[in-house]
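For reference, the structure is listed below as structure tokens.
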4 protein chains.
Amino acid sequence: MTDPRHPTAQYPTAQYPTALGASTTSTISLLGQDLAADLMGTVGFGELAMWLVTQERPTPGQVRVLEAVLVALADHGFTPTAIAARLTYLSAPDSLQGALAAGLLGGGSRFLGVTEDSGGFLADVLSRHADAVPADLDDDTAWDALALTAVTETREAGRYVPGLGHPVHKELDPRTPRLMQIAEEEDLKGPHLRLFEAIGRVHPQVLGRTLPLNGAGVCGAALADLGLPTELLRGFSLLARTAGLLGQLAEERRRPVAGDIYLHVEHAAESVDPEPLRPRTDRA
Amino acid sequence: MTDPRHPTAQYPTAQYPTALGASTTSTISLLGQDLAADLMGTVGFGELAMWLVTQERPTPGQVRVLEAVLVALADHGFTPTAIAARLTYLSAPDSLQGALAAGLLGGGSRFLGVTEDSGGFLADVLSRHADAVPADLDDDTAWDALALTAVTETREAGRYVPGLGHPVHKELDPRTPRLMQIAEEEDLKGPHLRLFEAIGRVHPQVLGRTLPLNGAGVCGAALADLGLPTELLRGFSLLARTAGLLGQLAEERRRPVAGDIYLHVEHAAESVDPEPLRPRTDRA
Amino acid sequence: MTDPRHPTAQYPTAQYPTALGASTTSTISLLGQDLAADLMGTVGFGELAMWLVTQERPTPGQVRVLEAVLVALADHGFTPTAIAARLTYLSAPDSLQGALAAGLLGGGSRFLGVTEDSGGFLADVLSRHADAVPADLDDDTAWDALALTAVTETREAGRYVPGLGHPVHKELDPRTPRLMQIAEEEDLKGPHLRLFEAIGRVHPQVLGRTLPLNGAGVCGAALADLGLPTELLRGFSLLARTAGLLGQLAEERRRPVAGDIYLHVEHAAESVDPEPLRPRTDRA
Amino acid sequence: MTDPRHPTAQYPTAQYPTALGASTTSTISLLGQDLAADLMGTVGFGELAMWLVTQERPTPGQVRVLEAVLVALADHGFTPTAIAARLTYLSAPDSLQGALAAGLLGGGSRFLGVTEDSGGFLADVLSRHADAVPADLDDDTAWDALALTAVTETREAGRYVPGLGHPVHKELDPRTPRLMQIAEEEDLKGPHLRLFEAIGRVHPQVLGRTLPLNGAGVCGAALADLGLPTELLRGFSLLARTAGLLGQLAEERRRPVAGDIYLHVEHAAESVDPEPLRPRTDRA
């Protein structure tokens, strides 16, 4: 079919390939598997989530690390996103999906950024300094050297190392050693985690003070070591948060706080005079 | 503090209770547990999701049934919601959370309705006919009788039994027997599932034709038998879909189809004359 | 093309009709008009919004009433939706569309319900009691009688009249007389507004106390008198809110409060013990 | 109140300033105006939208240019966002706000990017080459020189000038001359528009071919010349789109196409084998 607006273009018969869900009258398949016979009751939910993204069945070790990450990131109490979800549910109890979506929409660069920023930062260092990456993952001396390079060049560029430091856990983020341990147990403590750990050791030499490794940042490193691309790390943070938000909304139904939060804000509101934005085009 | 608009009201010091996430400088707790020591690496993601909602640790059997449900509902190929998510990602690749949210926003009454509608229908029948519910869950004769009552009264009210029938799987939805079997194995084939199964047996007597039990409806019954309230069933469908949508977006990155879908629609668009809505207020 | 899953179905060549936007290489049309030559610079935004929905160009009087409604509903300070939008923007400043969307998602049954509920209630009364609707819109005696019927039957059904009463403006909602006046000036004070006004007069006879007509409810009546269907009234509330939320986000950029709101909630959080949901299936 | 986690920090009594909506029992104010007496029926919706963002009442000329922009951007037929909104409404007809939100979520970098990218690009050039900006806005020779500089340096950096070129209107985007004319009429053809127009004149010298100025890009320049900051340009595109999406959803109610689009995709789906993502961590 030719389009008069694009006389030289041609549009083939549409075909949309997918390796995900498909069905016939009597079967349902997913990722080439029989959903009922092969997946239901034998494959876990975290396991399936990773399988859906990578299109390859994860090993039990990979599943353990992934689920540890999801558990670590699922809920952090009254975060801005949890509050937003509860407020939305208060206003629109007719739409649970709206409240969940509103909560997830805060999962952007600032709130969920650490996980993907750390994973991306580490991936970038490993890529640009591929020659300095030790063949033996246990070569801590080599990791320390590469870490020193990474922290130094970051500082010189006037930037911060993502995942270094935490606003509350100023000395130790308890998620960090635990996730490192789990990854070690599953033989999945790969280059990203090793490099991050080394950064944790050597950065005081460059920055002049000691900061903890942010657990959410370690999560990013762990996901990267599972082979997940940087651009999708945020997706797993969001999946984890979905479970957390479901818990927040379930609790809001039983112990509502959104109404009180709203009243607090409304009563502490202070009416001030408008302040013009100062239009940038001043005609003399 | 009194509010001049409500002179007799008083507002106490705000306090927002939560049993979910909390943290101090050195610890992070969730549901009264130490996140790092007690949960990470030992609790699965599906397990935590249910725990977050019920605030009670589920048994292994409950986890197995829940995860079978999540796996069953996660992805069904190019559903309207999957297409919407992909189209949103095409237009706004800068926001993965926006694409996920857009996909979830279609999880409303029509697309995801079966699960919660079935669960709710069964719960309602069990509640209104509590006296007819057999003490012995294996008393199929009693279940058949109650099912006959339910189908008959629904038909007489001019309504359909939710979860009875499927647009594609006209004879058997393969998810149905599998989920019944898993629930049986875990000793969690409770009243909702039993009643639904009985409806599957007896409805031809009333409706004059045989319809399959919709797998998504069986999921609703199974979730209800796990003790989850009707109003939150949709939440678990949405959690499942989040994993599915993540898979759809990951695939869109590698095998994009959204652009082609858009072009198809654009080229098949037919410009027609406006058709006035016919304002209801016609002044003579 | 036949589908093996539906052997007897056939799918025609797709064609998607629309009277809205269309374009060729050199022209852009919208609603049958030339966008550049006929609409830009001559048609207002509120005017176009109504035209897009009804597919008929509104009269200047209709535009004035519509814009009065949109202005009335645009912003109400720190509403739950405004707070949610600001919190989302705080967490995800990378996505203005996400923050706007999060704010709009609270526009559901509870927060924005009054406008559509009032419009729908009035439409329903006018429909069910069509014989009691006076031919002469100025026949206040007839309107009072119909209003009395409506309030009485609503009370007897154990329900409330939507739009009657306001949590803050307990005596007079200032938007009400103003909107009535504007509609009167434009000769668009139709059956919905007349009936609502009559309800305002007679309800004390039934309810035993005097309540103000909620301005948002009057907005619903005014929109209904413009010929807009009940199911779309919420859409205009949402359009109005979009402008308001844009103002809230612009102000948040200059006078941020979301961070303080978050800190307030976080510090007033009280960690409590988990409280099991009490699963409904207790096996003896 | 001190927080045990931050022993040295103190938290003052919360106060949230806003110049937007406020109310007492008998009045409602907005931007320091009496909503009912000063705004309803006298201020237009587009006018209020700009006022809410800048906190300064726009002049009639500014309103005309703004509304011309909003009208130009409101609807472009079956865009990915319009399709996503319709698909969401098909799946969740219970939530109009969800369908609107889903449509807006596609308003990101790729779909709506031109307007803000153009505005931002022009603002950046004007800022970095402030000395080359003519004092006399009519000095086309000076504008041509600055435009040449801008196009050349952009090309040398390996980038494209945003807003130059259009996928469909390969010779002339009809919105461009019309918007330039309206801005001229209102004496608001400022530096951004002048520079953009000059780019339209001189770029063939650098690029070797002639491209049209994208109308959406001209919209960005016009908004910038109204004094609106780059970071908020997207907000006005989104406000415009909200009206367009409302029209799309209203039309979907009367002439549904989403179901057919879904069926088309579903039937053209092709089941393929899973293709592993190729994990990046291969342990030898």
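Here's how to read the names in the structure tokens: chain A, B, ... by the order shown, residue numbers from 1 in each chain, ligand numbers from 1 in the order shown.
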
request  = Tell me, as a list of chain:residue names, which residues lie within 7 Å of D:Trp143, counting only C-alpha atoms; anything in the same chain fewer than 2 positions away does not count.
outcome  =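 Neighbouring residues, sequence-local ones excluded: D:Asp139, D:Asp140, D:Thr141, D:Ala145, D:Leu146, D:Ala147, D:Arg194, D:Leu195, D:Ala198.
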
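Non-sequential neighbours of D:Ala222 (distance at most 9 Å, separation of 4 or more positions within a chain, only C-alpha atoms) are Val65, Leu66, Val69, Gly119, Leu179, Met180, Ala183, Leu188, Lys189, Gly190, His192, Leu193, Gly217, Val218, Leu226 and Gly227 of chain D.
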
Per residue of chain C within 6 Å of chain B, record the nearest atom pair and its distance in Å to one decimal, counting only C-alpha atoms, with rows in chain order and ascending residue number, as a tab-separated table.
```
residue	atom	partner	partner_atom	distance
C:Gln15	CA	B:Ala268	CA	4.9
C:Tyr16	CA	B:Ala269	CA	4.6
C:Pro17	CA	B:Glu270	CA	4.5
C:Thr18	CA	B:Ser271	CA	5.3
C:Ala19	CA	B:Val272	CA	4.9
C:Leu31	CA	B:Pro274	CA	5.8
C:Thr54	CA	B:Leu277	CA	4.9
C:Gln55	CA	B:Pro276	CA	4.9
C:Glu56	CA	B:Pro276	CA	5.0
C:Gly227	CA	B:Pro279	CA	4.0
C:Ala268	CA	B:Gln15	CA	4.9
C:Ala269	CA	B:Tyr16	CA	4.6
C:Glu270	CA	B:Pro17	CA	4.5
C:Ser271	CA	B:Thr18	CA	5.3
C:Val272	CA	B:Ala19	CA	4.9
C:Asp273	CA	B:Ala19	CA	5.4
C:Pro274	CA	B:Ala19	CA	4.9
C:Glu275	CA	B:Gln55	CA	5.8
C:Pro276	CA	B:Gln55	CA	4.9
C:Leu277	CA	B:Thr54	CA	4.9
C:Pro279	CA	B:Gly227	CA	4.0
C:Arg280	CA	B:Gly227	CA	4.6
C:Thr281	CA	B:Gly227	CA	5.7
```

request  = To one decimal in Å, tell me the separation between atom CA of A:Ile28 and atom CA of B:Thr115.
outcome  =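 The value is 17.5 Å.
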
key: Members of stretch 9-253 of chain A assigned strand (DSSP E or B) by DSSP, as a list of chain:residue names   = A:Tyr16, A:Pro17, A:Thr18, A:Gly21, A:Ala22, A:Ser23, A:Ile28, A:Ser29, A:Leu30, A:Gln33, A:Asp34, A:Leu164, A:Leu213

task = Write out as a PyMOL selection string which residues come within 8 Å of C:Asp117 when counting only C-alpha atoms, dropping same-chain ones fewer than 4 positions away.
result = chain C and resi 113+121+162-163+217+220

message = Just list as a ChimeraX atom specification whatever in stretch 71-275 of chain D DSSP marks as alpha helix (DSSP H).
response = /D:71-73,80-91,96-105,113-128,140-156,175-185,191-207,215-225,230-254,258-267

task = Report the distance between atom CA of A:Leu239 and atom CA of D:Tyr262 in Å, rounded to one decimal place.
result =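 Taking atom CA of A:Leu239 and atom CA of D:Tyr262, their separation equals 25.5 Å.
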
query = So how many Å separate atom CA of B:Leu70 and atom CA of B:Leu112, to one decimal?
reply =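 Interatomic distance here is 12.9 Å.
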
key: Of the listed residues B:His166, B:Leu232, B:Ser91, B:Leu100, that which approaches A:Gly247 most closely, counting only C-alpha atoms   = B:Leu232

query = Neighbours of D:Ala68 within 12 Å (only C-alpha atoms; same-chain residues fewer than 6 positions away dropped), as a PyMOL selection string?
reply = (chain C and resi 35-48) or (chain D and resi 46-47+61-62+74+175-176+178-183+186+215-216+218-220+222-223+236-237+240)

Keeping N, CA, C and O atoms for every residue in the selection just given, could you write it to a file as a short mmCIF file (atom, residue, chain, number, x, y, z; two decimals), in the first residue's frame?
```cif
data_model
loop_
_atom_site.label_atom_id
_atom_site.label_comp_id
_atom_site.auth_asym_id
_atom_site.auth_seq_id
_atom_site.Cartn_x
_atom_site.Cartn_y
_atom_site.Cartn_z
N LEU C 35 -6.29 24.09 10.09
CA LEU C 35 -5.77 24.48 11.40
C LEU C 35 -5.14 25.86 11.40
O LEU C 35 -5.45 26.71 12.24
N ALA C 36 -4.26 26.10 10.46
CA ALA C 36 -3.53 27.35 10.42
C ALA C 36 -4.43 28.52 10.03
O ALA C 36 -4.47 29.56 10.69
N ALA C 37 -5.19 28.35 8.97
CA ALA C 37 -5.96 29.47 8.42
C ALA C 37 -7.24 29.76 9.21
O ALA C 37 -7.66 30.91 9.33
N ASP C 38 -7.88 28.71 9.72
CA ASP C 38 -9.20 28.89 10.33
C ASP C 38 -9.20 28.89 11.85
O ASP C 38 -10.12 29.43 12.48
N LEU C 39 -8.24 28.19 12.46
CA LEU C 39 -8.31 28.00 13.90
C LEU C 39 -7.28 28.80 14.71
O LEU C 39 -7.63 29.47 15.69
N MET C 40 -6.01 28.72 14.28
CA MET C 40 -4.96 29.41 15.04
C MET C 40 -5.18 30.91 15.02
O MET C 40 -5.36 31.51 13.96
N GLY C 41 -5.18 31.52 16.19
CA GLY C 41 -5.31 32.96 16.28
C GLY C 41 -6.74 33.46 16.25
O GLY C 41 -6.99 34.65 16.46
N THR C 42 -7.69 32.59 15.97
CA THR C 42 -9.09 33.01 15.98
C THR C 42 -9.95 32.20 16.93
O THR C 42 -10.96 32.70 17.44
N VAL C 43 -9.56 30.95 17.17
CA VAL C 43 -10.33 30.11 18.08
C VAL C 43 -9.59 30.01 19.40
O VAL C 43 -8.39 29.75 19.43
N GLY C 44 -10.29 30.20 20.49
CA GLY C 44 -9.68 30.10 21.80
C GLY C 44 -9.46 28.66 22.22
O GLY C 44 -9.99 27.73 21.60
N PHE C 45 -8.69 28.46 23.27
CA PHE C 45 -8.36 27.11 23.70
C PHE C 45 -9.56 26.42 24.34
O PHE C 45 -9.86 25.26 24.04
N GLY C 46 -10.28 27.10 25.19
CA GLY C 46 -11.48 26.52 25.79
C GLY C 46 -12.52 26.23 24.73
O GLY C 46 -13.19 25.19 24.75
N GLU C 47 -12.61 27.14 23.77
CA GLU C 47 -13.53 26.97 22.64
C GLU C 47 -13.18 25.69 21.87
O GLU C 47 -14.05 24.88 21.54
N LEU C 48 -11.89 25.51 21.60
CA LEU C 48 -11.48 24.32 20.85
C LEU C 48 -11.73 23.05 21.65
O LEU C 48 -12.15 22.03 21.11
N GLY D 46 -7.23 29.79 28.82
CA GLY D 46 -5.83 29.89 28.40
C GLY D 46 -5.14 31.01 29.15
O GLY D 46 -3.99 30.89 29.57
N GLU D 47 -5.86 32.10 29.33
CA GLU D 47 -5.33 33.24 30.08
C GLU D 47 -4.98 32.83 31.51
O GLU D 47 -3.90 33.15 32.02
N GLY D 61 -2.46 40.31 24.11
CA GLY D 61 -1.61 39.83 23.03
C GLY D 61 -0.91 38.53 23.40
O GLY D 61 -0.82 37.60 22.58
N GLN D 62 -0.43 38.44 24.61
CA GLN D 62 0.21 37.20 25.06
C GLN D 62 -0.79 36.06 25.07
O GLN D 62 -0.47 34.92 24.71
N ALA D 74 -2.88 20.89 20.02
CA ALA D 74 -3.87 20.07 20.73
C ALA D 74 -4.06 18.66 20.18
O ALA D 74 -4.08 17.69 20.93
N ARG D 175 1.66 25.61 10.01
CA ARG D 175 1.53 26.32 11.28
C ARG D 175 2.59 27.41 11.42
O ARG D 175 2.37 28.40 12.14
N THR D 176 3.71 27.22 10.75
CA THR D 176 4.83 28.14 10.92
C THR D 176 4.54 29.58 10.49
O THR D 176 4.65 30.50 11.31
N ARG D 178 1.79 30.99 9.96
CA ARG D 178 0.62 31.52 10.67
C ARG D 178 0.99 32.01 12.07
O ARG D 178 0.58 33.07 12.50
N LEU D 179 1.82 31.22 12.76
CA LEU D 179 2.19 31.61 14.11
C LEU D 179 3.11 32.83 14.10
O LEU D 179 3.00 33.73 14.94
N MET D 180 4.01 32.87 13.12
CA MET D 180 4.88 34.03 12.98
C MET D 180 4.04 35.30 12.76
O MET D 180 4.29 36.34 13.36
N GLN D 181 3.00 35.14 11.95
CA GLN D 181 2.13 36.28 11.65
C GLN D 181 1.39 36.76 12.90
O GLN D 181 1.34 37.96 13.17
N ILE D 182 0.84 35.79 13.66
CA ILE D 182 0.11 36.17 14.86
C ILE D 182 1.03 36.86 15.86
O ILE D 182 0.69 37.89 16.46
N ALA D 183 2.24 36.31 16.02
CA ALA D 183 3.20 36.93 16.94
C ALA D 183 3.54 38.34 16.48
O ALA D 183 3.62 39.28 17.29
N GLU D 186 0.81 40.78 17.29
CA GLU D 186 0.71 41.10 18.72
C GLU D 186 1.99 41.72 19.25
O GLU D 186 2.14 41.88 20.47
N GLY D 215 6.40 23.36 12.76
CA GLY D 215 5.43 24.18 13.49
C GLY D 215 5.49 24.01 14.99
O GLY D 215 5.33 24.97 15.75
N ALA D 216 5.72 22.79 15.45
CA ALA D 216 5.81 22.56 16.89
C ALA D 216 7.05 23.24 17.45
O ALA D 216 7.07 23.69 18.60
N VAL D 218 8.28 26.07 16.17
CA VAL D 218 7.93 27.49 16.22
C VAL D 218 7.10 27.77 17.48
O VAL D 218 7.25 28.82 18.11
N CYS D 219 6.27 26.81 17.84
CA CYS D 219 5.49 26.95 19.09
C CYS D 219 6.43 27.13 20.28
O CYS D 219 6.18 27.95 21.16
N GLY D 220 7.50 26.36 20.31
CA GLY D 220 8.47 26.49 21.39
C GLY D 220 9.10 27.86 21.42
O GLY D 220 9.26 28.48 22.49
N ALA D 222 7.80 30.59 20.23
CA ALA D 222 6.77 31.57 20.61
C ALA D 222 6.55 31.57 22.12
O ALA D 222 6.42 32.62 22.74
N LEU D 223 6.51 30.39 22.71
CA LEU D 223 6.33 30.30 24.16
C LEU D 223 7.52 30.92 24.89
O LEU D 223 7.36 31.61 25.90
N PHE D 236 3.04 23.15 28.61
CA PHE D 236 2.00 23.73 27.75
C PHE D 236 1.65 22.80 26.60
O PHE D 236 0.48 22.74 26.18
N SER D 237 2.63 22.05 26.10
CA SER D 237 2.32 21.02 25.11
C SER D 237 1.36 20.01 25.73
O SER D 237 0.40 19.57 25.09
N ALA D 240 -2.16 21.41 26.12
CA ALA D 240 -2.82 21.37 24.81
C ALA D 240 -3.29 19.95 24.50
O ALA D 240 -4.43 19.73 24.07
#
```

ask   = Leaving out D:Ser26 and any residue of its chain fewer than 2 positions from it, which residues lie within 7 Å of it when counting only C-alpha atoms, given as number ranges by chain?
value = C: 169, 172-174; D: 24

Restricting the output to C-alpha atoms, write the selected residues as a PDB file, in the first residue's frame.
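Saved as again.pdb:
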```pdb
ATOM      1  CA  HIS C 169     -18.218  27.003  52.622  1.00  0.00           C
ATOM      2  CA  LEU C 172     -22.438  30.027  50.654  1.00  0.00           C
ATOM      3  CA  ASP C 173     -20.066  28.771  48.038  1.00  0.00           C
ATOM      4  CA  PRO C 174     -19.182  31.995  46.199  1.00  0.00           C
TER       5      PRO C 174
ATOM      6  CA  THR D  24     -12.035  30.951  53.822  1.00  0.00           C
TER       7      THR D  24
END
```
